[in-house]
Structures are given as structure tokens and as C-alpha cells.
>>> print(open('structure31.cif').read())   # mmCIF, C-alpha atoms
data_coords
loop_
_atom_site.label_atom_id
_atom_site.label_comp_id
_atom_site.auth_asym_id
_atom_site.auth_seq_id
_atom_site.Cartn_x
_atom_site.Cartn_y
_atom_site.Cartn_z
CA MET A 1 0.00 0.00 0.00
CA LYS A 2 1.51 3.30 -1.07
CA ARG A 3 1.74 6.07 1.45
CA ARG A 4 -0.14 9.16 0.25
CA SER A 5 1.95 12.26 -0.20
CA ARG A 6 1.14 15.15 2.11
CA SER A 7 2.54 18.19 0.38
CA LEU A 8 1.99 21.58 1.94
CA VAL A 9 -0.74 23.91 0.65
CA HIS A 10 -0.40 27.68 0.83
CA ALA A 11 -2.92 29.47 3.04
CA THR A 12 -5.42 31.64 1.20
CA ASP A 13 -3.88 34.91 2.42
CA ALA A 14 -0.35 33.64 3.03
CA ALA A 15 1.26 36.66 1.36
CA THR A 16 -0.67 39.02 3.66
CA TYR A 17 0.54 37.22 6.78
CA VAL A 18 4.18 37.03 5.68
CA ASN A 19 4.07 40.69 4.67
CA ALA A 20 2.62 41.68 8.07
CA PHE A 21 5.34 39.60 9.78
CA ALA A 22 8.11 41.31 7.81
CA LEU A 23 6.79 44.88 8.10
CA THR A 24 6.21 44.52 11.84
CA GLY A 25 9.74 43.20 12.24
CA ILE A 26 11.21 46.11 10.27
CA ALA A 27 9.27 48.64 12.36
CA THR A 28 10.42 46.90 15.56
CA VAL A 29 14.11 47.02 14.59
CA LEU A 30 13.96 50.70 13.63
CA ALA A 31 12.01 51.65 16.76
CA THR A 32 14.36 49.66 19.01
CA ARG A 33 17.49 51.17 17.50
CA ALA A 34 16.05 54.69 17.75
CA PHE A 35 14.91 54.22 21.36
CA LEU A 36 18.23 52.77 22.52
CA ALA A 37 20.20 55.55 20.82
CA LEU A 38 18.04 58.24 22.46
CA ALA A 39 18.15 56.52 25.87
CA GLY A 40 21.93 56.02 25.82
CA TYR A 41 21.78 52.22 25.49
CA PRO A 42 20.54 51.37 29.02
CA LYS A 43 20.82 47.90 30.52
CA LEU A 44 17.68 46.16 31.65
CA GLY A 45 18.25 44.07 34.77
CA GLY A 46 21.34 45.67 36.24
CA SER A 47 23.08 48.97 36.85
CA GLY A 48 26.35 50.20 38.20
CA GLY A 49 28.79 47.33 38.68
CA SER A 50 26.19 44.61 38.11
CA ARG A 51 26.96 42.20 35.27
CA LEU A 52 23.31 41.17 34.91
CA HIS A 53 21.79 42.18 31.58
CA ILE A 54 18.53 40.90 30.10
CA ALA A 55 19.02 41.16 26.34
CA HIS A 56 15.97 42.13 24.31
CA MET A 57 16.63 39.06 22.16
CA LEU A 58 15.04 37.08 25.02
CA TRP A 59 11.88 39.18 24.83
CA GLY A 60 11.86 38.54 21.10
CA GLY A 61 12.00 34.80 21.71
CA LEU A 62 9.08 35.04 24.14
CA LEU A 63 7.00 36.97 21.62
CA MET A 64 7.76 34.45 18.86
CA ALA A 65 6.75 31.62 21.22
CA ALA A 66 3.52 33.45 22.00
CA ALA A 67 2.82 33.85 18.27
CA ILE A 68 3.35 30.12 17.67
CA LEU A 69 1.04 29.19 20.56
CA LEU A 70 -1.57 31.64 19.29
CA THR A 71 -1.65 30.12 15.79
CA LEU A 72 -1.60 26.58 17.22
CA GLY A 73 -4.36 27.16 19.74
CA PHE A 74 -6.90 29.26 17.83
CA LEU A 75 -8.71 28.95 14.51
CA GLY A 76 -9.34 31.58 11.89
CA ARG A 77 -7.63 34.36 10.04
CA ALA A 78 -7.73 36.77 12.98
CA ALA A 79 -5.49 34.40 14.94
CA ARG A 80 -3.10 34.10 11.98
CA LEU A 81 -2.86 37.85 11.48
CA THR A 82 -2.36 38.48 15.20
CA GLY A 83 0.28 35.76 15.27
CA ALA A 84 2.03 37.33 12.28
CA VAL A 85 2.17 40.75 13.97
CA VAL A 86 3.27 39.41 17.39
CA GLY A 87 5.78 37.06 15.76
CA GLY A 88 7.12 39.86 13.57
CA ALA A 89 7.74 42.04 16.62
CA GLY A 90 9.50 39.14 18.32
CA PHE A 91 11.62 38.42 15.25
CA GLY A 92 12.57 42.10 15.06
CA LEU A 93 13.81 42.07 18.67
CA PHE A 94 15.62 38.80 18.02
CA ILE A 95 17.39 39.73 14.79
CA ASP A 96 18.34 43.16 16.16
CA GLU A 97 20.93 41.47 18.38
CA VAL A 98 22.30 39.08 15.75
CA GLY A 99 25.71 40.79 15.98
CA LYS A 100 26.19 39.48 19.52
CA GLN A 101 25.89 35.89 18.28
CA ILE A 102 28.45 35.98 15.49
CA THR A 103 31.45 37.84 16.94
CA ASP A 104 33.45 38.25 20.15
CA GLU A 105 33.58 42.02 19.60
CA PRO A 106 30.99 44.35 21.18
CA GLY A 107 28.35 42.62 19.12
CA TYR A 108 25.50 45.11 19.07
CA PHE A 109 27.71 47.54 17.15
CA TYR A 110 29.27 44.90 14.89
CA ARG A 111 29.05 46.59 11.50
CA PRO A 112 28.09 43.59 9.31
CA ALA A 113 25.09 42.97 11.60
CA ALA A 114 23.15 45.78 9.92
CA GLY A 115 23.70 44.14 6.53
CA ILE A 116 22.57 40.77 7.91
CA ILE A 117 19.39 42.36 9.32
CA TYR A 118 18.66 44.03 5.98
CA LEU A 119 19.23 40.76 4.10
CA SER A 120 16.82 38.93 6.43
CA PHE A 121 13.96 41.33 5.84
CA ALA A 122 14.67 41.74 2.13
CA SER A 123 14.43 37.94 1.81
CA LEU A 124 11.10 37.93 3.66
CA LEU A 125 9.63 40.62 1.40
CA LEU A 126 10.90 38.78 -1.67
CA LEU A 127 9.22 35.63 -0.32
CA THR A 128 5.98 37.63 0.02
CA HIS A 129 6.23 38.62 -3.65
CA LEU A 130 6.81 35.02 -4.73
CA ILE A 131 3.89 33.69 -2.66
CA ARG A 132 1.55 36.37 -4.00
CA GLY A 133 2.54 35.47 -7.56
CA ARG A 134 1.80 31.77 -6.94
CA THR A 135 -1.59 32.28 -5.28
CA ALA A 136 -2.96 35.27 -7.24
CA ASP A 137 -4.16 33.16 -10.18
CA ALA A 138 -6.79 30.65 -9.02
CA SER A 139 -6.66 28.86 -12.39
CA ALA A 140 -3.07 27.81 -11.62
CA LEU A 141 -4.21 25.82 -8.56
CA ASP A 142 -4.92 22.12 -8.81
CA ALA A 143 -8.17 20.55 -7.59
CA ARG A 144 -6.81 19.75 -4.13
CA GLN A 145 -5.54 23.28 -3.59
CA ARG A 146 -8.79 24.83 -4.79
CA THR A 147 -10.74 22.65 -2.37
CA ALA A 148 -8.41 23.62 0.49
CA HIS A 149 -8.78 27.33 -0.28
CA ALA A 150 -12.57 27.07 -0.46
CA ALA A 151 -12.58 25.24 2.89
CA ASP A 152 -10.41 28.00 4.36
CA HIS A 153 -12.98 30.59 3.23
CA ALA A 154 -15.75 28.47 4.75
CA LEU A 155 -13.92 28.18 8.08
CA ALA A 156 -13.58 31.96 8.26
CA GLY A 157 -17.25 32.34 7.35
CA VAL A 158 -18.38 30.05 10.18
CA VAL A 159 -16.94 32.52 12.69
CA THR A 160 -17.55 35.92 11.09
CA GLY A 161 -19.87 35.28 8.12
CA LEU A 162 -19.05 36.04 4.49
CA THR A 163 -19.76 39.03 2.30
CA ALA A 164 -21.47 38.35 -1.02
CA GLU A 165 -18.18 38.92 -2.85
CA GLN A 166 -16.26 36.51 -0.58
CA ARG A 167 -18.97 33.87 -0.96
CA GLN A 168 -18.93 34.06 -4.76
CA ALA A 169 -15.11 33.94 -4.86
CA ALA A 170 -15.07 30.82 -2.70
CA ILE A 171 -17.82 29.08 -4.70
CA ARG A 172 -16.04 29.82 -7.99
CA LEU A 173 -13.06 27.84 -6.72
CA VAL A 174 -15.00 24.55 -6.61
CA GLU A 175 -18.13 24.93 -8.72
CA GLY A 176 -18.44 22.46 -11.59
CA SER A 177 -15.90 20.15 -9.98
CA GLY A 178 -18.12 17.07 -9.78
CA ARG A 179 -16.40 15.84 -6.61
CA GLU A 180 -18.59 15.11 -3.60
CA VAL A 181 -16.41 17.10 -1.20
CA ASP A 182 -16.63 20.16 -3.44
CA ALA A 183 -20.41 19.85 -3.70
CA ALA A 184 -20.59 19.71 0.10
CA LEU A 185 -18.42 22.83 0.32
CA VAL A 186 -20.72 24.69 -2.07
CA ARG A 187 -23.72 23.81 0.14
CA LEU A 188 -21.82 24.93 3.25
CA LEU A 189 -20.75 28.21 1.65
CA ALA A 190 -24.33 28.90 0.56
CA ALA A 191 -25.61 28.24 4.10
CA LEU A 192 -23.13 30.52 5.91
CA PRO A 193 -24.50 33.78 7.37
CA GLU A 194 -24.31 36.94 5.27
CA ARG A 195 -21.99 39.66 6.49
CA PRO A 196 -22.48 43.17 5.08
CA PRO A 197 -19.31 44.70 3.62
CA ALA A 198 -17.59 47.03 6.02
CA ALA A 199 -18.00 50.72 5.33
CA PRO A 200 -14.69 52.19 4.18
CA ALA A 201 -12.97 54.16 6.91
CA ARG A 202 -12.28 57.82 6.27
CA TRP A 203 -8.54 57.31 6.40
CA ARG A 204 -8.79 54.52 3.81
CA THR A 205 -10.79 56.78 1.48
CA TRP A 206 -8.13 59.46 1.83
CA ALA A 207 -5.37 56.88 1.32
CA ASP A 208 -7.03 55.50 -1.82
CA GLY A 209 -7.41 59.00 -3.24
CA ALA A 210 -3.80 59.85 -2.43
CA GLY A 211 -2.67 56.57 -4.00
CA ARG A 212 -4.54 57.30 -7.24
CA ALA A 213 -3.08 60.81 -7.37
CA LEU A 214 0.44 59.51 -6.78
CA ARG A 215 0.04 56.81 -9.44
CA TRP A 216 -1.15 59.42 -11.93
CA LEU A 217 1.80 61.65 -11.02
CA ALA A 218 4.26 58.74 -11.29
CA ARG A 219 3.10 58.06 -14.87
CA THR A 220 3.92 61.56 -16.12
CA ARG A 221 7.00 62.01 -18.26
CA VAL A 222 8.38 64.74 -16.01
CA VAL A 223 8.44 62.47 -12.97
CA LEU A 224 9.84 59.56 -15.01
CA GLY A 225 12.59 61.81 -16.37
CA ALA A 226 13.47 63.00 -12.87
CA ALA A 227 13.54 59.40 -11.61
CA VAL A 228 15.84 58.26 -14.42
CA LEU A 229 18.13 61.25 -13.87
CA CYS A 230 18.30 60.51 -10.14
CA LEU A 231 18.97 56.81 -10.81
CA LEU A 232 21.82 57.48 -13.23
CA THR A 233 23.34 60.24 -11.12
CA GLU A 234 23.34 58.11 -7.97
CA ALA A 235 24.82 55.06 -9.71
CA LEU A 236 27.50 57.00 -11.58
CA LEU A 237 28.57 59.04 -8.54
CA PHE A 238 28.86 55.94 -6.35
CA ALA A 239 30.69 54.02 -9.09
CA VAL A 240 33.21 56.84 -9.67
CA TRP A 241 33.71 57.48 -5.96
CA MET A 242 34.25 53.80 -5.09
CA SER A 243 36.51 53.26 -8.11
CA MET A 244 38.70 56.20 -7.09
CA ASP A 245 39.01 54.74 -3.58
CA PHE A 246 39.90 51.35 -5.06
CA PHE A 247 42.57 52.56 -7.48
CA GLY A 248 43.87 55.20 -5.08
CA GLY A 249 44.63 52.72 -2.32
CA GLN A 250 42.06 54.20 0.05
CA LEU A 251 40.04 50.97 0.04
CA ALA A 252 42.63 49.06 2.10
CA ARG A 253 42.34 51.63 4.91
CA GLU A 254 38.55 51.32 5.19
CA PRO A 255 37.12 49.32 8.14
CA GLN A 256 35.07 47.16 5.76
CA PRO A 257 37.06 46.93 2.48
CA GLY A 258 35.07 43.97 1.18
CA ALA A 259 31.79 45.86 1.57
CA HIS A 260 33.26 48.88 -0.25
CA LEU A 261 34.40 46.69 -3.13
CA ALA A 262 30.98 45.00 -3.35
CA VAL A 263 29.24 48.40 -3.42
CA ALA A 264 31.57 49.56 -6.19
CA LEU A 265 30.81 46.50 -8.30
CA THR A 266 27.03 46.75 -7.82
CA GLU A 267 27.05 50.45 -8.64
CA VAL A 268 29.01 49.80 -11.83
CA ALA A 269 26.43 47.16 -12.76
CA SER A 270 23.54 49.54 -11.95
CA ALA A 271 25.15 52.33 -13.97
CA ALA A 272 25.67 50.00 -16.94
CA LEU A 273 22.04 48.86 -16.86
CA GLY A 274 20.83 52.46 -16.49
CA ILE A 275 22.91 53.67 -19.46
CA ALA A 276 21.70 50.72 -21.54
CA GLY A 277 18.13 51.68 -20.69
CA LEU A 278 18.79 55.30 -21.61
CA THR A 279 20.06 54.31 -25.05
CA ARG A 280 16.84 52.32 -25.72
CA LEU A 281 14.42 54.87 -24.30
CA ARG A 282 13.44 56.29 -27.70
CA GLY A 283 13.24 53.04 -29.65
CA ASP A 284 11.73 50.58 -27.15
CA ARG A 285 10.40 52.26 -24.04
CA ARG A 286 9.24 49.04 -22.37
CA ALA A 287 12.69 47.47 -22.69
CA ALA A 288 14.24 50.68 -21.37
CA LEU A 289 11.95 50.69 -18.33
CA ARG A 290 12.78 47.05 -17.63
CA LEU A 291 16.49 47.93 -17.69
CA PHE A 292 15.91 50.85 -15.30
CA ARG A 293 14.00 48.53 -12.98
CA ALA A 294 16.79 45.95 -13.15
CA ALA A 295 19.34 48.65 -12.26
CA LEU A 296 17.34 49.58 -9.17
CA LEU A 297 16.79 45.95 -8.14
CA VAL A 298 20.54 45.25 -8.35
CA ASP A 299 21.13 48.08 -5.92
CA ILE A 300 18.20 47.23 -3.62
CA LEU A 301 18.70 43.45 -3.44
CA VAL A 302 22.52 43.34 -3.51
CA GLY A 303 24.14 46.75 -3.08
CA GLN A 304 22.07 47.81 -0.06
CA ILE A 305 23.28 44.80 1.94
CA PHE A 306 26.80 46.19 1.84
CA LYS A 307 25.70 49.82 2.16
CA PHE A 308 24.05 48.92 5.46
CA THR A 309 27.35 47.31 6.48
CA MET A 310 29.23 50.50 5.60
CA ASP A 311 26.81 53.20 6.73
CA GLN A 312 24.75 51.23 9.26
CA PHE A 313 21.14 52.35 9.56
CA ALA A 314 21.84 55.72 7.95
CA ALA A 315 21.47 53.74 4.71
CA VAL A 316 17.69 53.70 5.34
CA ILE A 317 17.48 57.16 3.72
CA GLU A 318 19.05 56.03 0.45
CA LEU A 319 16.97 52.84 0.53
CA GLY A 320 13.81 54.96 0.76
CA ILE A 321 14.90 56.96 -2.29
CA ASP A 322 15.62 53.77 -4.24
CA LEU A 323 12.22 52.31 -3.34
CA ALA A 324 10.49 55.52 -4.46
CA LEU A 325 12.36 55.41 -7.78
CA LEU A 326 11.45 51.74 -8.22
CA TRP A 327 7.79 52.54 -7.58
CA VAL A 328 7.81 55.31 -10.21
CA VAL A 329 9.49 53.11 -12.84
CA SER A 330 7.20 50.14 -12.06
CA ALA A 331 4.06 52.33 -12.25
CA PHE A 332 5.11 53.74 -15.63
CA LEU A 333 5.99 50.25 -16.90
CA ALA A 334 2.65 48.83 -15.74
CA ALA A 335 0.77 51.64 -17.50
CA ARG A 336 2.80 51.11 -20.66
CA THR A 337 2.16 47.36 -20.60
CA THR A 338 -1.59 47.88 -20.09
CA VAL A 339 -1.82 50.29 -23.02
CA GLN A 340 0.09 47.98 -25.38
CA SER A 341 -1.93 44.92 -24.30
CA ALA A 342 -5.17 46.78 -24.99
CA ALA A 343 -3.88 47.96 -28.37
CA GLN A 344 -2.88 44.51 -29.62
CA PRO A 345 -6.42 43.05 -30.09
CA ALA A 346 -7.51 46.23 -31.91
CA ALA A 347 -4.47 46.00 -34.15
CA ARG A 348 -5.30 42.41 -35.02
CA THR A 349 -8.89 43.37 -35.85
CA THR A 350 -7.79 46.10 -38.26
CA VAL A 351 -4.92 44.18 -39.83
CA GLN A 352 -6.81 41.00 -40.66
CA PRO A 353 -9.34 42.53 -43.17
CA ALA A 354 -6.54 44.47 -44.82
CA ALA A 355 -4.55 41.28 -45.16
CA ARG A 356 -7.49 39.56 -46.79
CA SER A 357 -8.01 42.38 -49.26
CA ALA A 358 -4.35 42.24 -50.25
CA VAL A 359 -4.70 38.63 -51.42
CA PRO A 360 -5.42 38.56 -55.19
CA GLU A 361 -8.78 37.12 -56.14
CA VAL A 362 -8.48 33.72 -57.80
CA VAL A 363 -11.15 33.31 -60.50
CA PRO A 364 -11.81 29.84 -61.92
CA PRO A 365 -11.33 29.64 -65.72
CA ALA A 366 -15.01 28.88 -66.38
CA VAL A 367 -16.16 31.95 -64.51
CA SER A 368 -13.50 34.05 -66.27
CA GLU A 369 -14.74 32.95 -69.71
CA ALA A 370 -18.37 33.67 -68.72
CA ARG A 371 -17.30 37.22 -67.84
#
>>> encode(input="structure31.cif", output="C-alpha cells")
Amino acid sequence: MKRRSRSLVHATDAATYVNAFALTGIATVLATRAFLALAGYPKLGGSGGSRLHIAHMLWGGLLMAAAILLTLGFLGRAARLTGAVVGGAGFGLFIDEVGKQITDEPGYFYRPAAGIIYLSFASLLLLTHLIRGRTADASALDARQRTAHAADHALAGVVTGLTAEQRQAAIRLVEGSGREVDAALVRLLAALPERPPAAPARWRTWADGAGRALRWLARTRVVLGAAVLCLLTEALLFAVWMSMDFFGGQLAREPQPGAHLAVALTEVASAALGIAGLTRLRGDRRAALRLFRAALLVDILVGQIFKFTMDQFAAVIELGIDLALLWVVSAFLAARTTVQSAAQPAARTTVQPAARSAVPEVVPPAVSEAR
């Protein structure tokens, strides 16, 4: 008898939970670093000549344990989301003291620790993007996964009810399946109590309006031109500055020469991609925008790891600028892709009759003689 495989199935809103975990952890690290700097790095648990010190890594471990117990002991999406937030805060307190675990030096101020913290959260956000891409298209799910997602919706509806939109989305996952379990799920989803959609909060209405305005602004040529200029200027200045340090012998005197060399190489790569995009901007704007986005991603996913090692958490400012530039380029690229995708069916509709009219009419000989 063959043992049945038990592969894991993504939760319906897995990307939301991982994203909440990561963002809460980032906020916790920044808040902890800011508080300790303002408070003069106090010790909790001892003062004066006492050697007792309760590291906040221990509090992080307790919060992560609480998050695990919460998700193990309670059902529903509210428990998952609360666990993600509590666990993210615990992970932030834990990873903030990673320097103490990898060196004998005064670990909290160990310079590569900032790069390790950045890499951890960048990996989590990249994981969120990958999960969202895998679960966004319901047609890509197999029958077992669609059943599991519908059951997850039903479980949430037992506790809080379902809106009409949520009910229809869950039923679409399994309707027409023909399997008995899916038919039972459809009956359960139809029987769950109705929950009216929540009225949008005032702050959400304002945020949606601001988001639409910013997206419109990001798609203007003036803003795109400013973003490209800023991208190229930043990459070229860093590349020239780091190259001068390398060839001038200054690199060997830096406290982190390997990080400086890595930043120089990534900035040269970003500058090369940015210049390549600039040369294609007139001929193929979509390809140019993809090159600009690649230049920014090289800096964000690779270069920033070593910039945090060099500049510590002062690198947050440059990271914010890079993320804003990436958002502008991505918004313009998405708008360009949408316009071209909408234009392609119309182009096919107009080209096909013209193509038929260009084909010479073939007249059979008998008909030709009758004429």
C-alpha cells in the first residue's frame, strides 16, 4: 500500500501574513534602535557594577513563542494575522541582536550585523512577492488546492460570516468540480451567514485618493525623467567614488574593504544597466523601463546589503529613495504594458481585413470565360 503524499498547501492569504510579519519586524528594529540611541543604550536588569543584563533578544524569543502558541491554539484568520504581527515584533527584537551571536567584539555595534538584518527582511519581502505570484491566479491551482482554499474561506465564514463577494469567490473555486467534497463545500458556503461589507474608513478613502493621485503623477513624463536622472546620477557618482578609492589605495584603509568593493561592483552594474536603458528609451520604451527597474533591483537586493554594512542604519534614507524610484518606474511600466496589451487586439482586428483584401482574387477559368 503506497503512502499518500502530504505536500503543503499555501494558506489563502499567506502573502498578507508574511508581509505583516516582515513589516512589523522592520518597524520593531527601527524603533528599538532609535529608542536605545536616544536613551543612551541602558541595561535592563542591572546597573552600576552589576553584570546582569537581560538582552531584548530574550523578549523577542518570548513573543515568537507566544505567536506560535496563538496560531496553534486558535482557529481563523484573525489568529493568523495576530500571530504574524506578534511574531514579527518578536523576530525584530531577536534579529536586532544578531551581531552578539556571530562575533566576540561588542556585538550590538558589529558593523556587518546591519547588513545581515537588511538581508533577512529583504528575503522575507521577496518571499511575500513570490507567494503572491503563486496564489494570485486561481486557475493555476490544482483541484486539491482549490478545495483547500474554499474550505479555508468556509472556516472563516463560520466565525464571522461572508460578504457576497467573498462567498462568490469561494464558490467559484470549486463549482463544476463534480467531486462530492466540493459539492458539500458549495452547500456549506451557501448556508453561511451573510456579512455586510464594512464601510470604508475615512482614512482609507483618503489613502485611496492619495494613491490614485500619486500613481497618476508617477506616470507623467516629467516624474519619469526626474527618476531616471536621479537613478543614473546616484549610480554613476557611487561608481566613480568607489573606483577612485579602489585605485587610489584608500580601500585598504577602510574598516570594511570587502563591503566597499561590493558596493563599487554593484554600482558599476547599476550604472551600466541604467545607461543601456537610456540608449533604448526612444526606440523601445518598455525594454528601457525594464532595464531601469533591473538597475534599481541590483542596488536594492545586492548593493544595499553592503551599504548597510558600511553606513549602518543611515542607509535607510538612500533605501527609501531607491524604493520611491522603483515605484515610479514600475508604475510607468505597468501603464505602458496595459496600453500595449489593450492595443494589440484592436491592431489584429484592423490588420486581418486588410490582409485579406491584399490577397489577389483567384477566378476559376469557367467563370473568367463567362465574364
>>> atom_distance(input="structure31.cif", atom1="CA of Arg282 in chain A", atom2="CA of Gly320 in chain A")
28.5 Å
>>> atom_distance(input="structure31.cif", atom1="CA of Ile95 in chain A", atom2="CA of Gly60 in chain A")
8.5 Å
>>> closest_residue(input="structure31.cif", among="A:Met310, A:Glu234, A:Trp241, A:Ala210", to="Pro255 in chain A", atoms="all atoms listed in the file")
A:Met310
>>> closest_atom_pairs(input="structure31.cif", of="range 63-106 of chain A", to="range 158-169 of chain A", cutoff="10 Å", atoms="only C-alpha atoms", output="Markdown table")
| residue | atom | partner | partner_atom | distance |
| --- | --- | --- | --- | --- |
| A:Leu75 | CA | A:Val159 | CA | 9.2 |
| A:Gly76 | CA | A:Val159 | CA | 7.7 |
| A:Arg77 | CA | A:Val159 | CA | 9.9 |
>>> resolve_selection(input="structure31.cif", expression="the PyMOL selection byres ((chain A and resi 302) around 12)", output="PyMOL selection string")
chain A and resi 115-116+118-119+122-123+259+262-267+269-270+294-301+303-309+319
>>> write_last_selection(input="structure31.cif", atoms="C-alpha atoms", output="PDB file, in the frame of the given file")
ATOM      1  CA  GLY A 115      23.700  44.140   6.530  1.00  0.00           C
ATOM      2  CA  ILE A 116      22.570  40.770   7.910  1.00  0.00           C
ATOM      3  CA  TYR A 118      18.660  44.030   5.980  1.00  0.00           C
ATOM      4  CA  LEU A 119      19.230  40.760   4.100  1.00  0.00           C
ATOM      5  CA  ALA A 122      14.670  41.740   2.130  1.00  0.00           C
ATOM      6  CA  SER A 123      14.430  37.940   1.810  1.00  0.00           C
ATOM      7  CA  ALA A 259      31.790  45.860   1.570  1.00  0.00           C
ATOM      8  CA  ALA A 262      30.980  45.000  -3.350  1.00  0.00           C
ATOM      9  CA  VAL A 263      29.240  48.400  -3.420  1.00  0.00           C
ATOM     10  CA  ALA A 264      31.570  49.560  -6.190  1.00  0.00           C
ATOM     11  CA  LEU A 265      30.810  46.500  -8.300  1.00  0.00           C
ATOM     12  CA  THR A 266      27.030  46.750  -7.820  1.00  0.00           C
ATOM     13  CA  GLU A 267      27.050  50.450  -8.640  1.00  0.00           C
ATOM     14  CA  ALA A 269      26.430  47.160 -12.760  1.00  0.00           C
ATOM     15  CA  SER A 270      23.540  49.540 -11.950  1.00  0.00           C
ATOM     16  CA  ALA A 294      16.790  45.950 -13.150  1.00  0.00           C
ATOM     17  CA  ALA A 295      19.340  48.650 -12.260  1.00  0.00           C
ATOM     18  CA  LEU A 296      17.340  49.580  -9.170  1.00  0.00           C
ATOM     19  CA  LEU A 297      16.790  45.950  -8.140  1.00  0.00           C
ATOM     20  CA  VAL A 298      20.540  45.250  -8.350  1.00  0.00           C
ATOM     21  CA  ASP A 299      21.130  48.080  -5.920  1.00  0.00           C
ATOM     22  CA  ILE A 300      18.200  47.230  -3.620  1.00  0.00           C
ATOM     23  CA  LEU A 301      18.700  43.450  -3.440  1.00  0.00           C
ATOM     24  CA  GLY A 303      24.140  46.750  -3.080  1.00  0.00           C
ATOM     25  CA  GLN A 304      22.070  47.810  -0.060  1.00  0.00           C
ATOM     26  CA  ILE A 305      23.280  44.800   1.940  1.00  0.00           C
ATOM     27  CA  PHE A 306      26.800  46.190   1.840  1.00  0.00           C
ATOM     28  CA  LYS A 307      25.700  49.820   2.160  1.00  0.00           C
ATOM     29  CA  PHE A 308      24.050  48.920   5.460  1.00  0.00           C
ATOM     30  CA  THR A 309      27.350  47.310   6.480  1.00  0.00           C
ATOM     31  CA  LEU A 319      16.970  52.840   0.530  1.00  0.00           C
TER      32      LEU A 319
END
>>> residues_around(input="structure31.cif", residues="Arg179 in chain A", least_positions_apart="3", cutoff="12 Å", atoms="only C-alpha atoms", output="PDB file with C-alpha atoms, keeping the file's coordinate frame")
ATOM      1  CA  ALA A 143      -8.170  20.550  -7.590  1.00  0.00           C
ATOM      2  CA  ARG A 144      -6.810  19.750  -4.130  1.00  0.00           C
ATOM      3  CA  ARG A 146      -8.790  24.830  -4.790  1.00  0.00           C
ATOM      4  CA  THR A 147     -10.740  22.650  -2.370  1.00  0.00           C
ATOM      5  CA  VAL A 174     -15.000  24.550  -6.610  1.00  0.00           C
ATOM      6  CA  GLU A 175     -18.130  24.930  -8.720  1.00  0.00           C
ATOM      7  CA  GLY A 176     -18.440  22.460 -11.590  1.00  0.00           C
ATOM      8  CA  ASP A 182     -16.630  20.160  -3.440  1.00  0.00           C
ATOM      9  CA  ALA A 183     -20.410  19.850  -3.700  1.00  0.00           C
ATOM     10  CA  ALA A 184     -20.590  19.710   0.100  1.00  0.00           C
ATOM     11  CA  LEU A 185     -18.420  22.830   0.320  1.00  0.00           C
ATOM     12  CA  VAL A 186     -20.720  24.690  -2.070  1.00  0.00           C
TER      13      VAL A 186
END
>>> residues_around(input="structure31.cif", residues="Ala20 in chain A", least_positions_apart="4", cutoff="7 Å", atoms="all atoms listed in the file", output="ChimeraX atom specification")
/A:16,24,84-85
>>> atom_distance(input="structure31.cif", atom1="CA of Ile54 in chain A", atom2="CA of Ala79 in chain A")
29.1 Å
>>> resolve_selection(input="structure31.cif", expression="the PyMOL selection byres ((chain A and resi 277) around 10)", output="number ranges by chain")
A: 228, 271-276, 278-282, 284-295
>>> residues_around(input="structure31.cif", residues="range 66-74 of chain A", least_positions_apart="4", cutoff="6 Å", atoms="all atoms listed in the file", output="number ranges by chain")
A: 79-80, 83, 86-87
>>> closest_residue(input="structure31.cif", among="A:Ala22, A:Leu326, A:Ala191, A:Met242", to="Leu124 in chain A", atoms="only C-alpha atoms")
A:Ala22
>>> decode(input="structure31.cif", residues="range 59-63 of chain A", atoms="all heavy atoms", output="PDB file, in the first residue's frame")
ATOM      1  N   TRP A  59      13.260  38.751  24.982  1.00  0.00           N
ATOM      2  CA  TRP A  59      11.880  39.178  24.829  1.00  0.00           C
ATOM      3  C   TRP A  59      11.367  38.829  23.426  1.00  0.00           C
ATOM      4  O   TRP A  59      10.193  38.481  23.252  1.00  0.00           O
ATOM      5  CB  TRP A  59      11.753  40.682  25.077  1.00  0.00           C
ATOM      6  CG  TRP A  59      12.199  41.092  26.448  1.00  0.00           C
ATOM      7  CD1 TRP A  59      13.321  41.793  26.782  1.00  0.00           C
ATOM      8  CD2 TRP A  59      11.535  40.797  27.687  1.00  0.00           C
ATOM      9  NE1 TRP A  59      13.409  41.963  28.134  1.00  0.00           N
ATOM     10  CE2 TRP A  59      12.311  41.362  28.723  1.00  0.00           C
ATOM     11  CE3 TRP A  59      10.376  40.117  28.032  1.00  0.00           C
ATOM     12  CZ2 TRP A  59      11.967  41.275  30.063  1.00  0.00           C
ATOM     13  CZ3 TRP A  59      10.016  40.023  29.363  1.00  0.00           C
ATOM     14  CH2 TRP A  59      10.804  40.599  30.365  1.00  0.00           C
ATOM     15  N   GLY A  60      12.250  38.939  22.462  1.00  0.00           N
ATOM     16  CA  GLY A  60      11.860  38.540  21.103  1.00  0.00           C
ATOM     17  C   GLY A  60      11.510  37.070  21.021  1.00  0.00           C
ATOM     18  O   GLY A  60      10.530  36.677  20.375  1.00  0.00           O
ATOM     19  N   GLY A  61      12.309  36.229  21.692  1.00  0.00           N
ATOM     20  CA  GLY A  61      12.002  34.802  21.710  1.00  0.00           C
ATOM     21  C   GLY A  61      10.668  34.509  22.375  1.00  0.00           C
ATOM     22  O   GLY A  61       9.905  33.654  21.916  1.00  0.00           O
ATOM     23  N   LEU A  62      10.357  35.234  23.464  1.00  0.00           N
ATOM     24  CA  LEU A  62       9.079  35.038  24.139  1.00  0.00           C
ATOM     25  C   LEU A  62       7.915  35.441  23.241  1.00  0.00           C
ATOM     26  O   LEU A  62       6.876  34.765  23.205  1.00  0.00           O
ATOM     27  CB  LEU A  62       9.055  35.852  25.434  1.00  0.00           C
ATOM     28  CG  LEU A  62       9.949  35.328  26.572  1.00  0.00           C
ATOM     29  CD1 LEU A  62       9.934  36.308  27.745  1.00  0.00           C
ATOM     30  CD2 LEU A  62       9.495  33.948  27.029  1.00  0.00           C
ATOM     31  N   LEU A  63       8.066  36.540  22.514  1.00  0.00           N
ATOM     32  CA  LEU A  63       7.000  36.969  21.616  1.00  0.00           C
ATOM     33  C   LEU A  63       6.807  35.977  20.470  1.00  0.00           C
ATOM     34  O   LEU A  63       5.668  35.693  20.067  1.00  0.00           O
ATOM     35  CB  LEU A  63       7.305  38.363  21.057  1.00  0.00           C
ATOM     36  CG  LEU A  63       7.109  39.527  22.030  1.00  0.00           C
ATOM     37  CD1 LEU A  63       7.549  40.838  21.379  1.00  0.00           C
ATOM     38  CD2 LEU A  63       5.655  39.627  22.471  1.00  0.00           C
TER      39      LEU A  63
END
